[in-house]
$ cat target26.txt   # compact mmCIF, C-alpha atoms
# COMPACT_ATOMS: atom_id res chain seq x y z
CA MET A 1 -8.57 40.19 -88.90
CA ARG A 2 -10.26 42.11 -86.11
CA LYS A 3 -13.62 40.99 -87.46
CA THR A 4 -12.54 37.34 -87.30
CA ILE A 5 -11.42 37.67 -83.67
CA SER A 6 -14.71 39.31 -82.72
CA ILE A 7 -16.68 36.46 -84.28
CA LEU A 8 -14.59 33.89 -82.42
CA LEU A 9 -15.07 35.65 -79.06
CA ILE A 10 -18.83 35.92 -79.55
CA SER A 11 -19.02 32.26 -80.55
CA ALA A 12 -17.04 31.27 -77.45
CA ALA A 13 -19.29 33.33 -75.20
CA VAL A 14 -22.37 31.74 -76.69
CA PHE A 15 -21.25 28.09 -76.85
CA LEU A 16 -18.91 27.71 -73.84
CA PRO A 17 -21.67 27.27 -71.24
CA PHE A 18 -23.22 24.53 -73.39
CA VAL A 19 -19.85 22.80 -73.81
CA LEU A 20 -19.17 22.91 -70.06
CA LEU A 21 -22.67 21.69 -69.23
CA SER A 22 -22.34 18.82 -71.65
CA CYS A 23 -18.93 17.87 -70.14
CA ALA A 24 -20.41 17.84 -66.62
CA HIS A 25 -23.02 15.36 -67.74
CA THR A 26 -20.66 12.94 -69.46
CA SER A 27 -17.41 12.92 -67.24
CA THR A 28 -16.82 10.43 -64.28
CA PRO A 29 -17.27 11.85 -60.70
CA VAL A 30 -14.16 13.28 -58.98
CA ILE A 31 -12.86 10.89 -56.22
CA VAL A 32 -11.67 12.67 -53.07
CA ASP A 33 -9.50 10.88 -50.44
CA SER A 34 -8.58 13.63 -48.01
CA ASP A 35 -6.37 11.52 -45.72
CA GLY A 36 -4.74 9.66 -48.59
CA ASP A 37 -5.30 6.24 -47.01
CA GLY A 38 -6.65 4.75 -50.24
CA VAL A 39 -10.29 4.78 -49.11
CA PRO A 40 -12.42 7.62 -50.57
CA ASP A 41 -13.97 10.04 -48.13
CA ASN A 42 -17.53 8.84 -48.82
CA LEU A 43 -16.52 5.31 -47.70
CA ASP A 44 -13.92 6.28 -45.06
CA LYS A 45 -15.27 5.58 -41.58
CA CYS A 46 -12.01 6.83 -40.02
CA PRO A 47 -11.10 10.10 -41.71
CA GLY A 48 -7.91 11.84 -40.79
CA THR A 49 -5.67 8.75 -40.66
CA PRO A 50 -2.04 9.95 -40.70
CA PRO A 51 0.05 9.10 -43.78
CA GLY A 52 1.72 5.70 -43.75
CA VAL A 53 -0.75 4.04 -41.37
CA LYS A 54 -2.27 0.87 -42.84
CA VAL A 55 -6.06 0.80 -42.89
CA ASP A 56 -8.80 -1.75 -43.58
CA GLN A 57 -11.54 -1.50 -46.24
CA ASP A 58 -13.40 1.06 -44.11
CA GLY A 59 -10.33 3.27 -43.92
CA CYS A 60 -9.74 2.42 -40.27
CA PRO A 61 -6.37 1.50 -38.75
CA PRO A 62 -6.23 -1.84 -36.85
CA ASP A 63 -7.13 -1.96 -33.14
CA THR A 64 -5.93 -5.42 -32.17
CA ASP A 65 -7.01 -5.29 -28.50
CA ARG A 66 -10.31 -3.61 -29.46
CA ASP A 67 -10.04 -1.01 -26.73
CA GLY A 68 -11.12 1.79 -29.07
CA VAL A 69 -7.58 3.16 -29.46
CA PRO A 70 -5.90 2.15 -32.78
CA ASP A 71 -2.64 0.23 -32.58
CA TYR A 72 -0.54 3.15 -33.87
CA LEU A 73 -1.72 5.30 -30.90
CA ASP A 74 -2.02 2.49 -28.31
CA LYS A 75 0.71 2.77 -25.69
CA CYS A 76 -0.73 -0.24 -23.83
CA PRO A 77 -1.44 -3.00 -26.37
CA GLY A 78 -3.12 -6.18 -25.22
CA THR A 79 -5.76 -4.60 -22.97
CA PRO A 80 -8.27 -7.31 -21.97
CA PRO A 81 -11.82 -6.94 -23.34
CA GLY A 82 -14.20 -4.72 -21.40
CA VAL A 83 -11.52 -2.68 -19.63
CA LYS A 84 -11.96 1.09 -19.83
CA VAL A 85 -8.92 2.90 -21.20
CA ASP A 86 -7.68 6.47 -21.57
CA LYS A 87 -6.68 8.23 -24.83
CA ASP A 88 -3.38 6.31 -24.82
CA GLY A 89 -5.21 3.00 -24.63
CA CYS A 90 -4.03 2.45 -21.06
CA SER A 91 -6.15 1.46 -18.08
CA PRO A 92 -5.42 2.11 -14.39
CA SER A 93 -3.54 -0.90 -13.12
CA SER A 94 -1.83 -2.26 -10.02
CA ARG A 95 1.37 -4.28 -10.04
CA ILE A 96 2.14 -6.43 -6.99
CA VAL A 97 5.57 -7.99 -6.42
CA LEU A 98 6.53 -10.49 -3.72
CA VAL A 99 9.88 -9.59 -2.14
CA PRO A 100 12.04 -12.17 -0.33
CA GLU A 101 13.15 -11.51 3.24
CA PRO A 102 16.80 -10.46 3.72
CA ASP A 103 17.53 -14.04 4.90
CA GLY A 104 16.10 -15.42 1.64
CA HIS A 105 12.88 -16.70 3.21
CA VAL A 106 9.81 -16.14 1.03
CA GLY A 107 6.28 -15.73 2.35
CA GLU A 108 3.05 -15.83 0.43
CA ILE A 109 0.72 -13.18 -0.98
CA PHE A 110 -2.88 -13.61 -2.06
CA VAL A 111 -4.11 -11.13 -4.65
CA THR A 112 -7.88 -11.12 -5.00
CA THR A 113 -10.47 -9.46 -7.24
CA ALA A 114 -14.19 -10.15 -7.71
CA ALA A 115 -13.19 -12.65 -10.42
CA GLY A 116 -10.81 -14.75 -8.32
CA MET A 117 -7.37 -15.01 -6.73
CA GLN A 118 -3.73 -15.49 -7.67
CA THR A 119 -1.09 -16.64 -5.19
CA LEU A 120 2.48 -15.36 -5.25
CA ASN A 121 5.03 -17.53 -3.41
CA LYS A 122 8.30 -17.23 -5.35
CA PRO A 123 10.90 -14.46 -5.01
CA TRP A 124 10.13 -11.46 -7.24
CA GLU A 125 6.95 -13.11 -8.52
CA SER A 126 4.42 -10.57 -9.72
CA THR A 127 0.84 -10.17 -10.87
CA GLU A 128 -1.07 -7.27 -12.41
CA LEU A 129 -4.60 -6.05 -11.78
CA VAL A 130 -6.40 -4.14 -14.53
CA SER A 131 -10.00 -4.32 -13.38
CA PRO A 132 -11.96 -5.24 -10.23
CA ASP A 133 -13.94 -7.66 -12.42
CA LEU A 134 -11.02 -9.49 -14.01
CA LEU A 135 -8.77 -12.20 -12.60
CA PRO A 136 -5.28 -10.95 -11.63
CA SER A 137 -2.80 -11.75 -14.41
CA ILE A 138 -0.96 -15.07 -14.41
CA PRO A 139 2.03 -14.60 -12.08
CA LYS A 140 5.45 -14.19 -13.64
CA ILE A 141 8.88 -13.66 -12.14
CA LEU A 142 10.32 -10.21 -12.74
CA ASP A 143 13.95 -9.18 -12.97
CA GLU A 144 15.12 -8.12 -9.48
CA GLN A 145 17.17 -5.17 -10.74
CA GLU A 146 14.24 -3.87 -12.79
CA VAL A 147 11.93 -4.08 -9.75
CA ARG A 148 14.50 -2.32 -7.54
CA HIS A 149 14.74 0.44 -10.14
CA ILE A 150 10.96 0.95 -10.42
CA PHE A 151 10.50 0.98 -6.63
CA LYS A 152 13.78 2.74 -5.80
CA ASP A 153 12.25 5.62 -3.81
CA ALA A 154 9.83 3.49 -1.78
CA LEU A 155 12.60 0.98 -0.98
CA GLU A 156 15.01 3.70 0.11
CA ALA A 157 12.37 5.24 2.40
CA GLN A 158 12.07 2.03 4.44
CA PRO A 159 12.65 2.87 8.12
CA ASN A 160 15.48 1.16 9.97
CA PRO A 161 14.18 -2.10 11.40
CA SER A 162 13.38 -1.97 15.11
CA ALA A 163 15.97 -3.37 17.51
CA VAL A 164 14.79 -6.53 19.27
CA HIS A 165 16.30 -7.64 22.60
CA ILE A 166 15.38 -10.65 24.73
CA ILE A 167 15.70 -11.14 28.49
CA TYR A 168 15.28 -14.68 29.87
CA PHE A 169 13.82 -15.72 33.24
CA ARG A 170 14.18 -18.54 35.73
CA ARG A 171 11.47 -21.17 35.98
CA GLY A 172 8.22 -19.72 37.38
CA SER A 173 9.91 -16.39 38.19
CA ALA A 174 9.46 -12.80 37.08
CA ALA A 175 12.55 -11.55 38.92
CA LEU A 176 15.41 -9.97 36.97
CA THR A 177 18.78 -11.58 37.66
CA SER A 178 22.06 -9.64 37.82
CA ASP A 179 22.73 -10.81 34.23
CA SER A 180 19.35 -9.44 33.20
CA MET A 181 20.15 -6.08 34.80
CA GLN A 182 23.31 -5.91 32.69
CA ARG A 183 21.17 -6.55 29.60
CA ILE A 184 18.86 -3.72 30.74
CA GLN A 185 21.90 -1.38 30.74
CA GLU A 186 22.70 -2.36 27.13
CA ILE A 187 19.06 -1.87 26.15
CA LEU A 188 19.09 1.62 27.70
CA LYS A 189 22.05 2.57 25.53
CA VAL A 190 20.14 1.45 22.40
CA ILE A 191 17.02 3.39 23.48
CA HIS A 192 19.10 6.57 23.87
CA SER A 193 21.18 6.13 20.70
CA ARG A 194 18.05 5.57 18.56
CA LYS A 195 16.19 8.41 20.30
CA SER A 196 13.35 5.93 20.52
CA ASP A 197 9.81 7.16 21.08
CA HIS A 198 8.16 3.75 21.34
CA ILE A 199 9.16 0.55 23.12
CA MET A 200 7.15 -2.65 23.15
CA VAL A 201 7.69 -4.99 26.11
CA LEU A 202 6.23 -8.44 25.42
CA GLY A 203 6.05 -11.15 28.11
CA TYR A 204 6.01 -14.92 27.48
CA THR A 205 6.31 -18.23 29.38
CA ASP A 206 7.13 -21.84 28.62
CA THR A 207 4.33 -24.42 28.48
CA VAL A 208 4.55 -25.69 32.07
CA GLY A 209 1.35 -24.98 33.99
CA PRO A 210 -2.21 -23.89 33.23
CA ASP A 211 -3.03 -21.12 30.73
CA GLU A 212 -4.21 -18.54 33.26
CA TYR A 213 -1.16 -19.06 35.51
CA ASN A 214 1.13 -18.48 32.53
CA ARG A 215 -0.77 -15.41 31.35
CA ARG A 216 -0.29 -13.83 34.77
CA LEU A 217 3.35 -14.90 34.91
CA SER A 218 4.04 -13.39 31.48
CA GLN A 219 2.32 -10.19 32.61
CA ARG A 220 4.54 -10.02 35.74
CA ARG A 221 7.66 -10.60 33.62
CA ALA A 222 6.71 -7.79 31.21
CA ARG A 223 5.96 -5.53 34.17
CA SER A 224 9.28 -6.17 35.90
CA VAL A 225 11.19 -5.23 32.72
CA THR A 226 9.00 -2.14 32.23
CA ASP A 227 9.57 -1.08 35.85
CA ALA A 228 13.33 -1.59 35.48
CA LEU A 229 13.42 0.61 32.36
CA VAL A 230 11.30 3.31 34.02
CA SER A 231 13.52 3.22 37.14
CA LYS A 232 16.48 3.99 34.84
CA GLY A 233 14.77 7.07 33.41
CA VAL A 234 12.75 5.81 30.44
CA ASP A 235 9.41 7.63 30.10
CA ARG A 236 6.63 5.16 30.98
CA ALA A 237 4.40 6.82 28.37
CA ILE A 238 6.54 5.47 25.50
CA ILE A 239 6.45 1.89 26.78
CA GLU A 240 3.67 -0.40 25.67
CA MET A 241 3.27 -3.70 27.47
CA GLU A 242 1.72 -6.90 26.15
CA TYR A 243 1.76 -10.48 27.46
CA TYR A 244 0.93 -13.76 25.79
CA GLY A 245 1.36 -16.52 28.42
CA LYS A 246 2.34 -19.75 26.70
CA GLU A 247 1.22 -18.58 23.25
CA LYS A 248 3.82 -17.57 20.66
CA LEU A 249 6.62 -19.86 21.77
CA LEU A 250 10.11 -18.96 20.60
CA VAL A 251 10.94 -22.68 20.56
CA PRO A 252 7.85 -24.72 19.67
CA THR A 253 7.23 -27.46 22.27
CA PRO A 254 4.32 -29.64 23.37
CA ASP A 255 2.40 -28.63 26.50
CA GLY A 256 4.17 -29.11 29.83
CA VAL A 257 7.74 -28.70 28.54
CA ASP A 258 10.28 -26.77 30.64
CA GLU A 259 12.02 -24.73 27.92
CA PRO A 260 14.23 -21.84 29.21
CA ARG A 261 14.26 -20.05 25.83
CA ASN A 262 10.49 -19.63 25.97
CA ARG A 263 10.61 -17.96 29.43
CA ARG A 264 11.34 -14.52 28.10
CA VAL A 265 10.49 -10.88 27.60
CA GLU A 266 11.07 -9.33 24.18
CA ILE A 267 11.90 -5.64 24.10
CA ILE A 268 11.26 -4.05 20.69
CA ILE A 269 12.82 -0.60 20.37
CA ARG A 270 11.38 1.43 17.52
CA MET P 1 -36.93 20.65 38.63
CA ARG P 2 -36.73 16.94 37.80
CA SER P 3 -37.06 17.64 34.10
CA PHE P 4 -34.30 20.27 34.39
CA ILE P 5 -31.96 17.70 36.00
CA LYS P 6 -32.95 15.21 33.32
CA THR P 7 -32.05 17.74 30.60
CA ILE P 8 -28.67 18.47 32.22
CA CYS P 9 -27.94 14.72 32.50
CA LEU P 10 -28.89 14.22 28.86
CA MET P 11 -26.64 17.11 27.79
CA VAL P 12 -23.67 15.68 29.72
CA PHE P 13 -24.35 12.26 28.17
CA VAL P 14 -24.48 13.66 24.63
CA MET P 15 -21.30 15.72 25.19
CA ASN P 16 -19.50 12.58 26.29
CA LEU P 17 -20.65 10.79 23.15
CA ALA P 18 -19.18 13.43 20.84
CA PRO P 19 -15.79 12.42 19.43
CA GLY P 20 -12.97 14.31 21.06
CA PRO P 21 -9.78 15.51 19.41
CA ILE P 22 -7.15 12.89 18.62
CA GLN P 23 -4.82 12.29 21.56
CA ALA P 24 -1.09 11.61 21.08
CA ASP P 25 -1.63 8.28 22.88
CA ASP P 26 -3.91 7.18 20.04
CA SER P 27 -1.02 7.25 17.61
CA ILE P 28 -0.41 4.00 15.77
CA GLY P 29 3.07 4.74 14.47
CA THR P 30 5.76 7.29 13.74
CA VAL P 31 7.26 8.94 10.65
CA LYS P 32 10.81 7.56 10.57
CA LYS P 33 12.01 8.70 7.14
CA LEU P 34 11.10 11.67 5.00
CA ASN P 35 12.47 12.98 1.72
CA GLY P 36 10.99 15.93 -0.17
CA THR P 37 7.49 17.04 0.68
CA ALA P 38 4.69 14.96 2.15
CA THR P 39 1.31 15.90 3.60
CA CYS P 40 -1.21 14.18 5.79
CA LEU P 41 -4.96 14.65 5.53
CA ARG P 42 -6.30 14.27 9.07
CA GLU P 43 -9.80 15.20 10.20
CA LYS P 44 -10.28 17.38 7.07
CA ALA P 45 -7.09 19.34 7.75
CA GLU P 46 -4.02 19.00 5.54
CA ILE P 47 -0.85 18.91 7.62
CA LYS P 48 2.72 19.08 6.36
CA VAL P 49 4.49 15.93 7.55
CA LYS P 50 7.66 16.24 9.64
CA LEU P 51 10.15 13.60 10.69
CA GLY P 52 9.11 12.04 14.02
CA ASP P 53 5.42 12.97 13.62
CA PRO P 54 2.89 10.50 15.03
CA VAL P 55 0.61 8.66 12.60
CA PHE P 56 -3.06 8.00 13.34
CA MET P 57 -5.78 5.72 12.05
CA LYS P 58 -7.69 7.27 9.09
CA ASP P 59 -4.66 9.36 8.09
CA VAL P 60 -4.28 9.90 4.35
CA LEU P 61 -0.58 10.25 3.53
CA LYS P 62 0.40 11.98 0.29
CA THR P 63 3.81 12.55 -1.23
CA ASP P 64 4.88 15.06 -3.86
CA ASN P 65 7.40 14.44 -6.62
CA PRO P 66 10.13 14.28 -5.45
CA GLY P 67 8.94 12.91 -2.15
CA SER P 68 9.02 9.71 -0.11
CA LEU P 69 8.05 8.71 3.38
CA GLY P 70 8.69 5.80 5.77
CA ILE P 71 6.62 4.94 8.85
CA THR P 72 6.95 2.27 11.52
CA LEU P 73 3.72 1.10 13.12
CA LYS P 74 3.24 -0.11 16.70
CA ASP P 75 3.46 -3.77 15.74
CA ASN P 76 6.74 -3.13 13.90
CA THR P 77 5.17 -3.13 10.43
CA MET P 78 7.15 -0.82 8.16
CA ILE P 79 5.44 1.07 5.36
CA SER P 80 7.34 3.24 2.91
CA ILE P 81 5.88 5.13 -0.03
CA GLY P 82 7.51 6.67 -3.09
CA PRO P 83 6.69 9.90 -4.97
CA ASN P 84 3.16 10.88 -6.13
CA THR P 85 1.59 8.40 -3.77
CA VAL P 86 -1.69 8.46 -1.85
CA TYR P 87 -1.89 5.93 1.00
CA THR P 88 -4.69 5.65 3.58
CA ILE P 89 -4.66 3.73 6.87
CA ASP P 90 -8.31 2.72 7.18
CA GLU P 91 -7.98 0.60 10.31
CA PHE P 92 -5.18 -0.36 12.71
CA VAL P 93 -5.90 -2.16 15.97
CA PHE P 94 -3.05 -3.85 17.83
CA LYS P 95 -4.23 -5.21 21.18
CA PRO P 96 -2.93 -8.79 21.30
CA SER P 97 -3.92 -9.42 24.92
CA GLU P 98 -7.54 -8.58 24.02
CA GLN P 99 -7.31 -10.55 20.75
CA LYS P 100 -8.15 -7.33 18.91
CA LEU P 101 -6.03 -7.22 15.78
CA ALA P 102 -6.72 -5.51 12.45
CA PHE P 103 -4.78 -3.63 9.82
CA VAL P 104 -6.53 -2.49 6.64
CA SER P 105 -4.96 0.13 4.39
CA LYS P 106 -5.32 1.36 0.84
CA ILE P 107 -3.00 2.67 -1.88
CA SER P 108 -4.86 4.84 -4.42
CA LYS P 109 -1.83 5.68 -6.55
CA GLY P 110 1.95 5.57 -6.46
CA THR P 111 4.36 3.03 -4.97
CA LEU P 112 4.39 1.21 -1.64
CA HIS P 113 6.84 -1.06 0.18
CA PHE P 114 5.16 -3.19 2.85
CA VAL P 115 7.25 -5.04 5.45
CA SER P 116 5.05 -7.07 7.77
CA GLY P 117 5.30 -6.90 11.55
CA THR P 118 3.99 -8.76 14.60
CA LEU P 119 0.32 -8.26 13.72
CA ILE P 120 0.57 -10.51 10.67
CA LYS P 121 2.24 -13.23 12.73
CA LEU P 122 -0.60 -13.13 15.27
CA ALA P 123 -3.51 -12.75 12.86
CA PRO P 124 -2.54 -13.16 9.17
CA ASP P 125 -6.12 -12.79 7.94
CA ALA P 126 -6.50 -9.45 9.72
CA VAL P 127 -4.06 -7.68 7.40
CA LYS P 128 -5.18 -6.37 4.00
CA VAL P 129 -3.85 -3.81 1.53
CA LYS P 130 -6.38 -2.60 -1.02
CA THR P 131 -5.70 -1.20 -4.49
CA PRO P 132 -8.35 0.33 -6.80
CA GLU P 133 -8.83 -3.10 -8.42
CA GLY P 134 -8.32 -5.67 -5.69
CA THR P 135 -7.10 -6.75 -2.28
CA ILE P 136 -3.82 -8.23 -1.11
CA GLY P 137 -3.58 -10.65 1.79
CA PHE P 138 -0.34 -11.84 3.38
CA ARG P 139 1.38 -14.75 5.06
CA GLY P 140 4.22 -13.05 6.91
CA THR P 141 6.23 -11.32 4.24
CA ARG P 142 7.08 -8.16 2.39
CA CYS P 143 5.84 -6.85 -0.93
CA LEU P 144 5.92 -3.97 -3.36
CA ILE P 145 2.82 -2.43 -4.92
CA ARG P 146 2.56 0.10 -7.71
CA VAL P 147 -0.73 1.70 -8.68
CA GLU P 148 -0.76 3.66 -11.89
CA ASP P 149 -3.67 6.08 -12.20
CA ASN P 150 -2.84 7.27 -15.78
$ encode --input "target26.txt" --output "structure tokens"
Amino acid sequence: MRKTISILLISAAVFLPFVLLSCAHTSTPVIVDSDGDGVPDNLDKCPGTPPGVKVDQDGCPPDTDRDGVPDYLDKCPGTPPGVKVDKDGCSPSSRIVLVPEPDGHVGEIFVTTAAGMQTLNKPWESTELVSPDLLPSIPKILDEQEVRHIFKDALEAQPNPSAVHIIYFRRGSAALTSDSMQRIQEILKVIHSRKSDHIMVLGYTDTVGPDEYNRRLSQRRARSVTDALVSKGVDRAIIEMEYYGKEKLLVPTPDGVDEPRNRRVEIIIR
Amino acid sequence: MRSFIKTICLMVFVMNLAPGPIQADDSIGTVKKLNGTATCLREKAEIKVKLGDPVFMKDVLKTDNPGSLGITLKDNTMISIGPNTVYTIDEFVFKPSEQKLAFVSKISKGTLHFVSGTLIKLAPDAVKVKTPEGTIGFRGTRCLIRVEDN
């Protein structure tokens, strides 16, 4: 029995290498697909695809916007061609939203890049910029509440609007009437209550008379209000005076029209 | 002797050309609201912003998170910025009687609320806000801008 076992062991030692060598020559090659995406490693151009992610014949997951970041990792799908993106597939971008005035009036905004311009002129209309070389996106109207949420902090930090007061003048005059002096008293109270550090005094006229005459008249009107404020204790250094003559009419009129509401000084208290 | 006088004159001339420190009168606006921490980069120095501080041309205003800031400019324009924002006032000139009007600023990142003032009414084309990708022009209105820097 022991003799038989010895013969078998010797035979195995002698023939096994030949058997193994012969097997290696005749068997099919072993296919390795390390990431298990169904594409063997030697053909897989995108190794390391996580399980469950669909891939193409090269073993690569789809990248619909072709920004170099596959869809399953792309937090910003739909990036336009040629735009540089970060590892999340996102590019720096700017969002611009047109906000209506408190009275509902809506102005106009022009958003321009090297590629062209978009105009916003409807409340809460918005456009996005993703590259200096691409046209701003087609404007769309955003939900007001969503916008207010995104911009909450910036909106809440808006300073209180300046207080605007107007004093009117008699025809061709820069003198303050007794009514005007009462208005000056009210204005002083506002200056003190707001602890204002800047006051604009802006002089205007109606359209009667030549330009130069009206410029000088508007200057005298602004100066008489400034002097009145200073005489009541306001620091002259915080008052800034400007005058416009018959430009910037409060009530638009043709030239030569006697319009009392245009003969005025505006006092803007910041 | 004449050359000595010439040299002195030249020195006085050059000294007068050198830019002097910013004067308070040069301020273009005031900080009216402040929440959290904000800083201002002015003439290479970083200054912590306080309520009531003057604002100058070329100032770079930065907010932390949390942080927000509101300023009123001389023409009554109101600018307010949210957290993590960098906003630069490149140019502000408000001299209506001399027809000198300009306001160009830039938001590099963060959020901005822009409420236009007198300057836009007088010279709409003189007002621009830049973002990293483009430029915004106005016709008397207010707008919100968000710049994401990722």
$ interface_residues --input "target26.txt" --of "chain P" --to "chain A" --cutoff "7 Å" --atoms "all atoms listed in the file" --output "ChimeraX atom specification"
/P:32-33,68-72,76,78-82,96-97,111-113,131,133-150
$ atom_distance --input "target26.txt" --atom1 "atom CA of P:Ala45" --atom2 "atom CA of P:Met57"
14.3 Å
$ atom_distance --input "target26.txt" --atom1 "atom CA of A:Asp65" --atom2 "atom CA of A:Asp33"
27.4 Å
$ atom_distance --input "target26.txt" --atom1 "atom CA of A:Lys54" --atom2 "atom CA of A:Asp37"
7.4 Å
$ residues_around --input "target26.txt" --residues "A:Tyr204" --least-positions-apart "6" --cutoff "12 Å" --atoms "all atoms listed in the file" --output "MDAnalysis selection string"
(chainID A and resid 166:169 171:174 211 213:223 241:251 259:267) or (chainID P and resid 97)
$ residues_around --input "target26.txt" --residues "stretch 85-88 of chain P" --least-positions-apart "5" --cutoff "9 Å" --atoms "all atoms listed in the file" --output "JSON, numbers by chain"
{"P": [57, 58, 59, 60, 61, 62, 63, 64, 65, 67, 68, 104, 105, 106, 107, 108, 109, 110, 111, 112, 147]}
$ residues_around --input "target26.txt" --residues "A:Pro77" --least-positions-apart "5" --cutoff "8 Å" --atoms "only C-alpha atoms" --output "short mmCIF file (atom, residue, chain, number, x, y, z; two decimals) with C-alpha atoms, in the frame of the given file"
data_model
loop_
_atom_site.label_atom_id
_atom_site.label_comp_id
_atom_site.auth_asym_id
_atom_site.auth_seq_id
_atom_site.Cartn_x
_atom_site.Cartn_y
_atom_site.Cartn_z
CA THR A 64 -5.93 -5.42 -32.17
CA ASP A 65 -7.01 -5.29 -28.50
CA ASP A 71 -2.64 0.23 -32.58
CA GLY A 89 -5.21 3.00 -24.63
#
$ closest_residue --input "target26.txt" --among "A:Val190, A:Gln57, A:Met181, A:Glu212" --to "A:Ser231" --atoms "only C-alpha atoms"
A:Met181
$ closest_residue --input "target26.txt" --among "P:Asp125, P:Asp90, P:Glu43, P:Asp53" --to "P:Ser27" --atoms "all atoms listed in the file"
P:Asp53
$ closest_residue --input "target26.txt" --among "P:Asn84, P:Gly52, P:Ile120, P:Lys74" --to "P:Gly36" --atoms "only C-alpha atoms"
P:Asn84
$ residues_around --input "target26.txt" --residues "P:Asp75" --least-positions-apart "2" --cutoff "7 Å" --atoms "all atoms listed in the file" --output "ChimeraX atom specification"
/P:73,77,94,117-119
$ write_last_selection --input "target26.txt" --atoms "C-alpha atoms" --output "PDB file, in the frame of the given file"
ATOM      1  CA  LEU P  73       3.720   1.100  13.120  1.00  0.00           C
ATOM      2  CA  THR P  77       5.170  -3.130  10.430  1.00  0.00           C
ATOM      3  CA  PHE P  94      -3.050  -3.850  17.830  1.00  0.00           C
ATOM      4  CA  GLY P 117       5.300  -6.900  11.550  1.00  0.00           C
ATOM      5  CA  THR P 118       3.990  -8.760  14.600  1.00  0.00           C
ATOM      6  CA  LEU P 119       0.320  -8.260  13.720  1.00  0.00           C
TER       7      LEU P 119
END
